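For reference, my_file.csv is printed below; it contains CSV, C-alpha atoms.
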chain,number,residue,atom,x,y,z
H,1,MET,CA,-23.1,20.7,-11.2
H,2,LYS,CA,-22.7,17.4,-9.3
H,3,SER,CA,-19.6,15.3,-9.3
H,4,SER,CA,-19.7,11.6,-9.6
H,5,VAL,CA,-17.1,8.8,-9.5
H,6,ALA,CA,-17.3,6.5,-12.4
H,7,SER,CA,-17.3,2.9,-11.3
H,8,ASP,CA,-18.6,-0.4,-12.6
H,9,PRO,CA,-19.7,-2.7,-9.7
H,10,GLY,CA,-19.5,-5.7,-11.9
H,11,GLU,CA,-16.0,-5.0,-13.0
H,12,GLY,CA,-15.0,-4.4,-9.3
H,13,MET,CA,-16.4,-7.7,-8.2
H,14,LEU,CA,-14.7,-9.5,-11.0
H,15,ALA,CA,-11.3,-7.9,-10.1
H,16,ALA,CA,-11.8,-8.8,-6.5
H,17,HIS,CA,-12.7,-12.4,-7.3
H,18,THR,CA,-9.6,-12.7,-9.6
H,19,ALA,CA,-7.3,-11.2,-6.9
H,20,LEU,CA,-8.6,-13.7,-4.3
H,21,HIS,CA,-8.1,-16.6,-6.7
H,22,GLU,CA,-4.6,-15.5,-7.5
H,23,LEU,CA,-3.9,-15.1,-3.8
H,24,CYS,CA,-5.1,-18.5,-3.0
H,25,GLN,CA,-3.3,-20.2,-5.9
H,26,GLY,CA,0.0,-18.4,-5.1
H,27,CYS,CA,0.4,-19.8,-1.6
H,28,ARG,CA,2.8,-22.6,-0.9
H,29,ASP,CA,1.0,-23.9,2.2
H,30,PRO,CA,-2.5,-25.5,1.7
H,31,VAL,CA,-5.0,-22.7,1.5
H,32,ALA,CA,-8.8,-22.7,1.1
H,33,LEU,CA,-11.3,-19.8,0.6
H,34,PHE,CA,-14.7,-20.2,2.1
H,35,THR,CA,-17.8,-18.3,3.0
H,36,ILE,CA,-18.7,-17.1,6.5
H,37,PRO,CA,-20.6,-18.5,8.5
H,38,GLN,CA,-21.8,-21.3,6.2
H,39,GLY,CA,-18.2,-22.5,5.4
H,40,VAL,CA,-18.9,-23.3,1.8
H,41,LEU,CA,-15.7,-23.8,-0.1
H,42,LEU,CA,-15.1,-21.3,-2.9
H,43,ASP,CA,-11.6,-22.0,-3.9
H,44,VAL,CA,-8.6,-24.2,-2.9
H,45,ASN,CA,-5.0,-24.3,-4.1
H,46,PRO,CA,-3.4,-27.5,-5.4
H,47,SER,CA,-1.6,-28.2,-2.1
H,48,PHE,CA,-5.0,-28.1,-0.2
H,49,ARG,CA,-6.7,-30.2,-2.8
H,50,GLU,CA,-3.9,-32.9,-2.6
H,51,LEU,CA,-4.0,-32.8,1.2
H,52,SER,CA,-7.7,-33.0,1.7
H,53,GLY,CA,-8.8,-34.9,-1.4
H,54,VAL,CA,-11.6,-32.4,-2.4
H,55,PRO,CA,-12.8,-33.0,-5.9
H,56,ASP,CA,-12.1,-30.8,-8.9
H,57,PRO,CA,-14.2,-28.9,-9.7
H,58,LEU,CA,-15.5,-28.1,-6.3
H,59,PRO,CA,-19.1,-29.1,-5.6
H,60,PRO,CA,-21.3,-26.0,-5.0
H,61,ASP,CA,-22.4,-27.2,-1.6
H,62,LEU,CA,-19.1,-28.6,-0.2
H,63,ALA,CA,-18.6,-27.1,3.3
H,64,ILE,CA,-15.2,-26.8,5.0
H,65,PRO,CA,-16.5,-28.3,8.3
H,66,SER,CA,-17.1,-31.6,6.4
H,67,LEU,CA,-13.4,-32.2,5.9
H,68,GLY,CA,-13.2,-34.3,9.0
H,69,ALA,CA,-11.2,-31.9,11.2
H,70,PRO,CA,-12.9,-31.6,14.7
H,71,ALA,CA,-10.6,-28.8,15.8
H,72,LEU,CA,-11.5,-26.8,12.7
H,73,ARG,CA,-15.2,-27.4,13.3
H,74,ARG,CA,-14.9,-26.2,16.9
H,75,ALA,CA,-13.0,-23.1,15.9
H,76,LEU,CA,-15.5,-22.2,13.2
H,77,ARG,CA,-18.4,-22.5,15.7
H,78,SER,CA,-16.9,-20.0,18.0
H,79,TRP,CA,-15.3,-17.7,15.4
H,80,ASP,CA,-17.1,-14.4,14.5
H,81,GLY,CA,-15.0,-13.9,11.4
H,82,THR,CA,-13.7,-10.5,12.3
H,83,GLU,CA,-10.2,-11.2,13.6
H,84,PRO,CA,-7.6,-13.8,12.6
H,85,ARG,CA,-7.8,-17.0,14.7
H,86,LEU,CA,-4.9,-19.4,15.3
H,87,ILE,CA,-5.7,-23.2,15.6
H,88,ARG,CA,-2.6,-24.5,17.4
H,89,ARG,CA,-3.3,-28.2,16.7
H,90,LEU,CA,-5.1,-29.1,13.5
H,91,VAL,CA,-5.2,-32.5,11.8
H,92,LEU,CA,-6.2,-32.2,8.1
H,93,GLY,CA,-5.9,-35.1,5.6
H,94,GLY,CA,-4.1,-37.2,8.1
H,95,ARG,CA,-1.4,-34.6,8.7
H,96,GLU,CA,-0.9,-32.6,11.9
H,97,GLY,CA,-0.1,-28.9,11.9
H,98,GLN,CA,-1.4,-25.5,12.7
H,99,GLY,CA,-4.1,-23.5,11.0
H,100,ARG,CA,-5.0,-19.8,10.6
H,101,LEU,CA,-8.5,-18.4,9.9
H,102,LEU,CA,-8.0,-15.1,8.1
H,103,PRO,CA,-11.0,-12.9,7.3
H,104,VAL,CA,-11.1,-11.2,3.8
H,105,PRO,CA,-11.8,-7.5,4.2
H,106,ALA,CA,-14.9,-6.1,2.6
H,107,ALA,CA,-15.8,-9.3,0.9
H,108,LEU,CA,-19.4,-9.9,-0.2
H,109,PRO,CA,-20.6,-12.4,0.8
H,110,PRO,CA,-18.3,-12.5,3.9
H,111,GLN,CA,-15.3,-14.8,3.2
H,112,ALA,CA,-12.2,-16.1,4.9
H,113,PHE,CA,-9.1,-18.1,4.2
H,114,LEU,CA,-7.9,-21.2,6.0
H,115,GLN,CA,-4.2,-21.5,5.8
H,116,PHE,CA,-2.8,-24.9,7.0
H,117,THR,CA,0.9,-25.2,7.9
H,118,PRO,CA,1.9,-28.9,8.3
H,119,GLN,CA,4.1,-29.6,11.2
H,120,ARG,CA,7.7,-29.9,10.4
H,121,GLU,CA,10.7,-31.0,12.5
H,122,GLY,CA,11.3,-28.9,15.5
H,123,PRO,CA,9.0,-27.0,17.9
H,124,PRO,CA,5.5,-26.0,16.8
H,125,LEU,CA,5.3,-22.7,14.9
H,126,ASP,CA,4.2,-19.7,16.9
H,127,LYS,CA,1.8,-17.0,15.8
H,128,GLY,CA,4.5,-14.6,14.6
H,129,THR,CA,6.2,-17.3,12.5
H,130,LEU,CA,2.9,-18.2,10.8
H,131,LYS,CA,2.2,-14.6,9.8
H,132,GLY,CA,3.4,-14.4,6.3
H,133,LEU,CA,2.7,-13.2,2.8
H,134,LEU,CA,-1.0,-14.3,2.8
H,135,GLU,CA,-1.9,-12.2,5.9
H,136,ASP,CA,0.2,-9.3,4.5
H,137,ARG,CA,-1.8,-9.5,1.3
H,138,LEU,CA,-5.1,-9.5,3.1
H,139,GLN,CA,-4.0,-6.4,5.0
H,140,GLN,CA,-3.3,-4.8,1.7
H,141,ILE,CA,-6.7,-5.7,0.4
H,142,GLY,CA,-8.2,-3.9,3.4
H,143,ASN,CA,-6.0,-0.9,2.9
H,144,LEU,CA,-7.0,-0.6,-0.8
H,145,GLU,CA,-10.7,-1.0,0.1
H,146,ARG,CA,-10.5,1.8,2.6
H,147,LEU,CA,-8.6,3.9,0.0
H,148,ARG,CA,-11.3,3.2,-2.6
H,149,ALA,CA,-14.0,4.4,-0.2
H,150,LEU,CA,-11.9,7.5,0.7
H,151,GLY,CA,-11.4,8.2,-3.0
H,152,GLU,CA,-15.2,8.3,-3.7
H,153,THR,CA,-15.8,10.7,-0.7
H,154,ALA,CA,-12.7,12.9,-1.5
H,155,ALA,CA,-13.7,13.3,-5.2
H,156,VAL,CA,-17.0,14.8,-4.1
H,157,ILE,CA,-15.5,17.0,-1.3
H,158,VAL,CA,-12.7,18.3,-3.5
H,159,HIS,CA,-15.2,19.3,-6.3
H,160,GLU,CA,-17.6,21.0,-3.9
H,161,ILE,CA,-14.8,23.0,-2.3
H,162,ARG,CA,-13.1,24.0,-5.6
H,163,VAL,CA,-16.1,25.5,-7.2
H,164,PRO,CA,-16.7,28.3,-4.6
H,165,LEU,CA,-12.9,28.5,-4.1
H,166,SER,CA,-12.5,29.5,-7.8
H,167,SER,CA,-15.2,32.2,-7.4
H,168,VAL,CA,-13.4,33.6,-4.3
H,169,ARG,CA,-10.1,33.6,-6.1
H,170,LEU,CA,-11.5,35.5,-9.1
H,171,GLY,CA,-13.1,38.0,-6.8
H,172,VAL,CA,-9.9,38.7,-4.8
H,173,ASP,CA,-7.9,38.8,-8.0
H,174,SER,CA,-10.4,41.3,-9.5
H,175,VAL,CA,-10.2,43.6,-6.5
H,176,ARG,CA,-6.4,43.4,-6.4
H,177,SER,CA,-6.3,44.5,-10.1
H,178,SER,CA,-8.6,47.5,-9.5
H,179,ARG,CA,-7.1,50.9,-10.0
H,180,ALA,CA,-9.2,52.2,-7.2
H,181,LEU,CA,-7.6,49.8,-4.7
H,182,ASP,CA,-5.7,51.5,-1.8
H,183,ALA,CA,-2.0,50.5,-2.3
H,184,SER,CA,-1.7,49.7,1.3
H,185,LEU,CA,-4.1,46.8,0.9
H,186,ARG,CA,-2.4,45.2,-2.1
H,187,GLY,CA,0.0,43.2,0.1
H,188,ARG,CA,-2.8,41.7,2.1
H,189,LEU,CA,-4.6,40.6,-1.0
H,190,ASP,CA,-1.3,39.0,-2.3
H,191,ILE,CA,-1.2,37.0,1.0
H,192,ALA,CA,-4.8,36.0,0.5
H,193,LEU,CA,-4.1,34.8,-3.1
H,194,GLU,CA,-1.1,32.8,-1.9
H,195,GLN,CA,-3.2,31.1,0.8
H,196,LEU,CA,-5.9,30.3,-1.8
H,197,ASP,CA,-3.3,28.8,-4.0
H,198,ARG,CA,-2.0,26.7,-1.1
H,199,VAL,CA,-5.6,25.4,-0.4
H,200,ASP,CA,-5.9,24.6,-4.1
H,201,ARG,CA,-2.6,22.6,-4.1
H,202,LEU,CA,-3.8,20.7,-1.0
H,203,LEU,CA,-7.0,19.8,-2.7
H,204,GLY,CA,-5.0,18.6,-5.7
H,205,SER,CA,-2.9,16.4,-3.4
H,206,ILE,CA,-6.0,14.9,-1.8
H,207,ARG,CA,-7.5,14.2,-5.2
H,208,ASP,CA,-4.3,12.6,-6.5
H,209,PHE,CA,-3.9,10.5,-3.4
H,210,ALA,CA,-7.5,9.2,-3.3
H,211,ARG,CA,-8.2,8.8,-7.1
H,212,PRO,CA,-8.3,5.2,-8.4
H,213,ARG,CA,-5.0,4.3,-10.1
H,214,ARG,CA,-4.0,1.3,-12.0
H,215,PRO,CA,-0.4,0.5,-12.9
H,216,SER,CA,0.8,-0.5,-16.3
H,217,PRO,CA,3.5,-3.0,-15.7
H,218,ARG,CA,6.3,-3.5,-18.2
H,219,PRO,CA,10.0,-4.5,-18.1
H,220,MET,CA,12.0,-1.7,-16.6
H,221,ASP,CA,15.6,-1.1,-15.5
H,222,LEU,CA,15.8,0.3,-12.0
H,223,ARG,CA,18.9,2.4,-12.7
H,224,THR,CA,17.1,4.2,-15.6
H,225,THR,CA,14.1,4.8,-13.3
H,226,PHE,CA,16.4,6.2,-10.6
H,227,SER,CA,18.0,8.6,-13.0
H,228,ALA,CA,14.5,9.8,-14.2
H,229,ALA,CA,13.4,10.3,-10.5
H,230,LEU,CA,16.6,12.3,-9.7
H,231,ALA,CA,16.1,14.5,-12.8
H,232,ALA,CA,12.5,15.2,-11.7
H,233,VAL,CA,13.6,16.5,-8.3
H,234,GLU,CA,16.7,18.2,-9.4
H,235,ALA,CA,15.4,21.6,-8.0
H,236,SER,CA,15.1,20.0,-4.5
H,237,LEU,CA,18.8,19.2,-4.6
H,238,GLN,CA,19.9,22.8,-5.1
H,239,GLY,CA,20.9,25.0,-2.1
H,240,PRO,CA,22.9,23.3,0.7
H,241,ARG,CA,25.3,20.7,-0.6
H,242,THR,CA,23.3,17.4,-1.0
H,243,THR,CA,24.8,14.3,-2.7
H,244,VAL,CA,22.8,11.3,-3.9
H,245,ALA,CA,24.8,8.0,-4.3
H,246,ILE,CA,23.1,5.4,-6.5
H,247,GLU,CA,24.0,1.7,-6.1
H,248,VAL,CA,22.3,-1.0,-8.2
H,249,ARG,CA,23.4,-4.6,-7.8
H,250,PRO,CA,23.5,-6.4,-10.2
H,251,GLU,CA,23.5,-3.8,-12.9
H,252,PRO,CA,21.3,-3.7,-14.8
H,253,LEU,CA,18.6,-4.8,-12.4
H,254,CYS,CA,15.3,-5.3,-14.2
H,255,ILE,CA,11.8,-5.9,-12.9
H,256,VAL,CA,8.3,-5.8,-14.3
H,257,ALA,CA,6.5,-2.8,-12.9
H,258,ASP,CA,5.1,0.6,-13.9
H,259,PRO,CA,8.2,2.9,-14.3
H,260,GLU,CA,6.2,6.1,-13.8
H,261,PHE,CA,4.7,4.8,-10.5
H,262,ILE,CA,8.0,3.6,-9.2
H,263,ALA,CA,9.8,6.8,-10.2
H,264,GLU,CA,7.1,8.8,-8.4
H,265,ALA,CA,7.5,6.8,-5.3
H,266,VAL,CA,11.3,7.2,-5.4
H,267,GLN,CA,10.9,11.0,-6.1
H,268,ASN,CA,8.8,11.4,-2.9
H,269,LEU,CA,11.3,9.5,-0.8
H,270,ILE,CA,14.2,11.6,-2.2
H,271,VAL,CA,12.4,14.9,-1.4
H,272,ASN,CA,11.7,13.6,2.1
H,273,ALA,CA,15.3,12.8,2.6
H,274,VAL,CA,16.4,16.2,1.3
H,275,GLU,CA,13.9,17.9,3.7
H,276,ALA,CA,15.3,15.8,6.6
H,277,GLN,CA,18.7,17.3,6.0
H,278,PRO,CA,18.1,21.1,5.7
H,279,ARG,CA,21.9,21.8,5.9
H,280,GLY,CA,22.7,19.2,3.2
H,281,GLY,CA,24.2,15.8,3.5
H,282,ALA,CA,24.4,12.4,1.8
H,283,ILE,CA,21.5,10.4,0.5
H,284,SER,CA,21.8,6.8,-0.5
H,285,LEU,CA,19.6,5.3,-3.2
H,286,SER,CA,20.1,1.5,-3.8
H,287,ALA,CA,18.5,-1.5,-5.3
H,288,ALA,CA,19.4,-5.2,-4.9
H,289,PRO,CA,17.8,-8.6,-4.6
H,290,SER,CA,15.6,-8.7,-1.4
H,291,ARG,CA,17.3,-10.1,1.7
H,292,LEU,CA,13.9,-11.2,3.2
H,293,ARG,CA,11.9,-12.6,0.2
H,294,PRO,CA,13.6,-14.8,-2.4
H,295,GLY,CA,12.8,-13.6,-5.9
H,296,TRP,CA,11.9,-10.1,-4.8
H,297,VAL,CA,13.8,-6.8,-5.2
H,298,GLU,CA,14.3,-4.2,-2.5
H,299,ILE,CA,14.8,-0.4,-3.0
H,300,ARG,CA,16.3,1.5,-0.2
H,301,VAL,CA,16.5,5.3,0.4
H,302,ALA,CA,18.5,6.4,3.4
H,303,ASP,CA,19.4,9.8,4.8
H,304,ARG,CA,21.5,11.0,7.8
H,305,GLY,CA,19.0,13.5,9.0
H,306,ALA,CA,17.5,14.1,12.5
H,307,GLY,CA,15.4,10.9,12.4
H,308,ILE,CA,11.9,10.4,13.6
H,309,PRO,CA,10.9,10.1,17.2
H,310,PRO,CA,10.1,6.5,18.2
H,311,GLN,CA,6.5,7.3,19.3
H,312,LEU,CA,5.7,8.6,15.8
H,313,LEU,CA,7.0,5.7,13.7
H,314,ASP,CA,3.7,3.8,13.7
H,315,ARG,CA,1.9,6.9,12.2
H,316,VAL,CA,4.3,7.9,9.4
H,317,PHE,CA,2.3,6.1,6.6
H,318,GLN,CA,-1.1,7.5,7.8
H,319,PRO,CA,-2.7,10.0,5.4
H,320,PHE,CA,-2.4,13.6,6.6
H,321,PHE,CA,0.1,12.9,9.3
H,322,THR,CA,3.1,15.2,9.1
H,323,THR,CA,5.8,16.7,11.4
H,324,LYS,CA,6.5,19.5,8.8
H,325,ARG,CA,5.0,23.0,9.2
H,326,THR,CA,3.9,23.2,5.6
H,327,GLY,CA,3.5,19.6,4.7
H,328,THR,CA,0.3,17.9,3.6
H,329,GLY,CA,1.1,14.6,5.3
H,330,LEU,CA,0.4,12.6,2.0
H,331,GLY,CA,3.9,12.0,0.7
H,332,LEU,CA,4.6,8.6,2.4
H,333,ALA,CA,1.0,7.6,2.2
H,334,ILE,CA,1.2,8.1,-1.6
H,335,VAL,CA,4.4,6.0,-1.7
H,336,LYS,CA,2.7,3.2,0.3
H,337,ASN,CA,-0.2,3.2,-2.1
H,338,LEU,CA,2.0,3.1,-5.2
H,339,VAL,CA,4.0,0.2,-3.8
H,340,GLU,CA,0.9,-1.8,-2.7
H,341,LEU,CA,-0.6,-1.4,-6.1
H,342,HIS,CA,2.3,-3.5,-7.3
H,343,GLY,CA,1.8,-6.1,-4.6
H,344,GLY,CA,4.8,-4.8,-2.7
H,345,PHE,CA,5.5,-3.7,0.8
H,346,ILE,CA,7.2,-0.7,2.4
H,347,SER,CA,8.9,-0.3,5.8
H,348,LEU,CA,10.7,2.5,7.6
H,349,GLU,CA,13.4,2.4,10.2
H,350,SER,CA,14.6,5.6,11.9
H,351,ARG,CA,16.9,6.6,14.8
H,352,GLN,CA,16.9,10.1,16.2
H,353,GLY,CA,20.2,11.8,15.3
H,354,ARG,CA,21.2,8.9,13.0
H,355,GLY,CA,18.8,9.2,10.0
H,356,THR,CA,16.0,7.3,8.3
H,357,ASN,CA,16.0,4.3,6.1
H,358,VAL,CA,12.9,3.5,3.9
H,359,THR,CA,12.8,0.1,2.2
H,360,ILE,CA,10.5,-0.9,-0.7
H,361,GLU,CA,10.1,-4.6,-1.5
H,362,LEU,CA,8.7,-5.5,-4.9
H,363,PRO,CA,7.9,-8.9,-6.5
H,364,ALA,CA,10.4,-9.3,-9.3
H,365,GLY,CA,7.6,-10.8,-11.5
H,366,GLY,CA,5.6,-7.6,-11.6
H,367,ALA,CA,2.3,-6.1,-10.3
H,368,GLY,CA,0.4,-8.5,-8.0
H,369,ALA,CA,2.9,-11.3,-8.4

Using structure tokens, write down the structure from this file.
Amino acid sequence: MKSSVASDPGEGMLAAHTALHELCQGCRDPVALFTIPQGVLLDVNPSFRELSGVPDPLPPDLAIPSLGAPALRRALRSWDGTEPRLIRRLVLGGREGQGRLLPVPAALPPQAFLQFTPQREGPPLDKGTLKGLLEDRLQQIGNLERLRALGETAAVIVHEIRVPLSSVRLGVDSVRSSRALDASLRGRLDIALEQLDRVDRLLGSIRDFARPRRPSPRPMDLRTTFSAALAAVEASLQGPRTTVAIEVRPEPLCIVADPEFIAEAVQNLIVNAVEAQPRGGAISLSAAPSRLRPGWVEIRVADRGAGIPPQLLDRVFQPFFTTKRTGTGLGLAIVKNLVELHGGFISLESRQGRGTNVTIELPAGGAGA
């Protein structure tokens, strides 16, 4: 029996086109989407249309080099479309500013964004200041595209391993149940069955991580979701004394998102926090308006465990990376995926001996806002 991943290329292309259009229209700075290397304009937001005077609707053959910006034409001639390019001085529509050329990952045909930031009072903006929500969104698109490809491969691999694994387990179980079995061998077969179950759980984790998932956003109260997440991991809070303090400001704090997905993400973070404090300790779970992005909400899970070594911080969200002896290395990767499916972001701060703080940022308007 062969396994296949159900997919509709037309539906995928439509979803990708819609996502890029929403991304373009949602930017405050003037933004244009164009093809590489021809430079044909595919989409512009109202700010770009007002600045450059391009007609509405866009002519099918209007190219971005024709907008009368010599610095942009020069940059496009020498740009291979693989890495972001900063244009430090760009005059567009009679206004001076800076521009960024940002490639769109996995787009067919190859596409890129031009983001123009008009000069304001004060010194010119540097590269770090210009990097904002648009570039973060494009990085998410690349992450989700890689995850989609991984999911297609993982589905086949998991199926091909699980079929013979089931046969092996049935055989071992049959031998263990035999009356003719030497009693001294029963313990070894028990260990073999435990290891087979462990492999099966790992395959299940890989399947769950890589399978396509689509959130169903609806109004939700974060405190209610927190309570559901705590109830689901109640068994993990047994043993050494562990306390979880919940703080939600203002209460109730409501957003539009998938409650099950958000609860799953919080559950994973709480379990990680518990495992980081094997002797027990305090865990903080909080939600409040974001301090970095107006109109967003941030969820924070903090522990006072041993912390993560600085040299490992860049790898904590990578699939299959773990510092635990029995971990799969998928917990934080799953959380990151669930957050990015909502158009949100996740970050982690940790100091050895002081604990770890994980922050989830979600747009208050819901998935993809």

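The smallest atom-to-atom distance between Ala232 in chain H and any of H:Val244, H:Leu203, H:Ala263, H:Ala287, using all atoms listed in the file, is found for H:Ala263.
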
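CA of Leu202 in chain H is found 19.4 Å from CA of Val172 in chain H.
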
(message) So that I can check the surroundings of Asp56 in chain H, please list as a ChimeraX atom specification every protein, DNA and RNA residue that reaches within 12 Å of it, counting only C-alpha atoms and ignoring chain neighbours fewer than 3 positions away.
(response) /H:41-46,48-50,52-53,59-60,62

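Minimum atom-to-atom distances from H:Ser184, H:Trp296, H:Glu361, H:Val266 to Ala231 in chain H were compared using all atoms listed in the file, and the lowest value belongs to H:Val266.
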
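As for CA of Asp80 in chain H and CA of Pro103 in chain H, they are spaced 9.6 Å apart.
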
(message) Given only C-alpha atoms as the basis, pick out the residue of H:Gly307, H:Pro319, H:Gly204, H:Gly344 nearest to Ser290 in chain H.
(response) H:Gly344

(message) Give me the residues near range 275-278 of chain H as a ChimeraX atom specification, where near means some atom within 9 Å (using all atoms listed in the file) and where sequence neighbours in that chain fewer than 3 positions away do not count.
(response) /H:236,240,242,270-272,281-282,303-307,355-356

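Between CA of Pro70 in chain H and CA of Ala32 in chain H lies a distance of 16.8 Å.
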
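By all atoms listed in the file, and with residues fewer than 2 positions from Leu67 in chain H along its chain excluded, the set lying at most 8 Å from it is H:Ser52, H:Ala63, H:Ile64, H:Pro65, H:Ala69, H:Leu92.
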
List the spatial neighbours of Gln195 in chain H as an mmCIF file with C-alpha atoms, keeping the file's coordinate frame - criterion: any atom at most 12 Å away, all atoms listed in the file, same-chain residues fewer than 3 positions off excluded.
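File produced: part-v3.cif:
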data_model
loop_
_atom_site.group_PDB
_atom_site.id
_atom_site.type_symbol
_atom_site.label_atom_id
_atom_site.label_comp_id
_atom_site.auth_asym_id
_atom_site.auth_seq_id
_atom_site.Cartn_x
_atom_site.Cartn_y
_atom_site.Cartn_z
ATOM 1 C CA LEU H 165 -12.900 28.500 -4.100
ATOM 2 C CA VAL H 168 -13.400 33.600 -4.300
ATOM 3 C CA ARG H 169 -10.100 33.600 -6.100
ATOM 4 C CA VAL H 172 -9.900 38.700 -4.800
ATOM 5 C CA ARG H 188 -2.800 41.700 2.100
ATOM 6 C CA LEU H 189 -4.600 40.600 -1.000
ATOM 7 C CA ASP H 190 -1.300 39.000 -2.300
ATOM 8 C CA ILE H 191 -1.200 37.000 1.000
ATOM 9 C CA ALA H 192 -4.800 36.000 0.500
ATOM 10 C CA ARG H 198 -2.000 26.700 -1.100
ATOM 11 C CA VAL H 199 -5.600 25.400 -0.400
ATOM 12 C CA ASP H 200 -5.900 24.600 -4.100
ATOM 13 C CA ARG H 201 -2.600 22.600 -4.100
ATOM 14 C CA LEU H 202 -3.800 20.700 -1.000
ATOM 15 C CA THR H 326 3.900 23.200 5.600
#

(message) Give me the residues near Thr224 in chain H as a list in words, where near means some atom within 10 Å (using only C-alpha atoms) and where sequence neighbours in that chain fewer than 6 positions away do not count.
(response) Pro252, Leu253, Cys254, Pro259 and Ala263 of chain H

(message) Show me the residues close to (-16.6, -15.5, 6.6) - anything with an atom within 10 Å, counting all atoms listed in the file - and format the list as a ChimeraX atom specification.
(response) /H:33-40,76,79-82,101-105,107-113

(message) For a quick check of understanding, using all atoms listed in the file, which of H:Glu247, H:Glu160, H:Asp221, H:Asp197 has the smallest distance to Ala364 in chain H?
(response) H:Asp221

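Proximity to Val31 in chain H was assessed for H:Pro215, H:Gly295, H:Pro310, H:Pro118 counting only C-alpha atoms; the smallest distance is recorded for H:Pro118.
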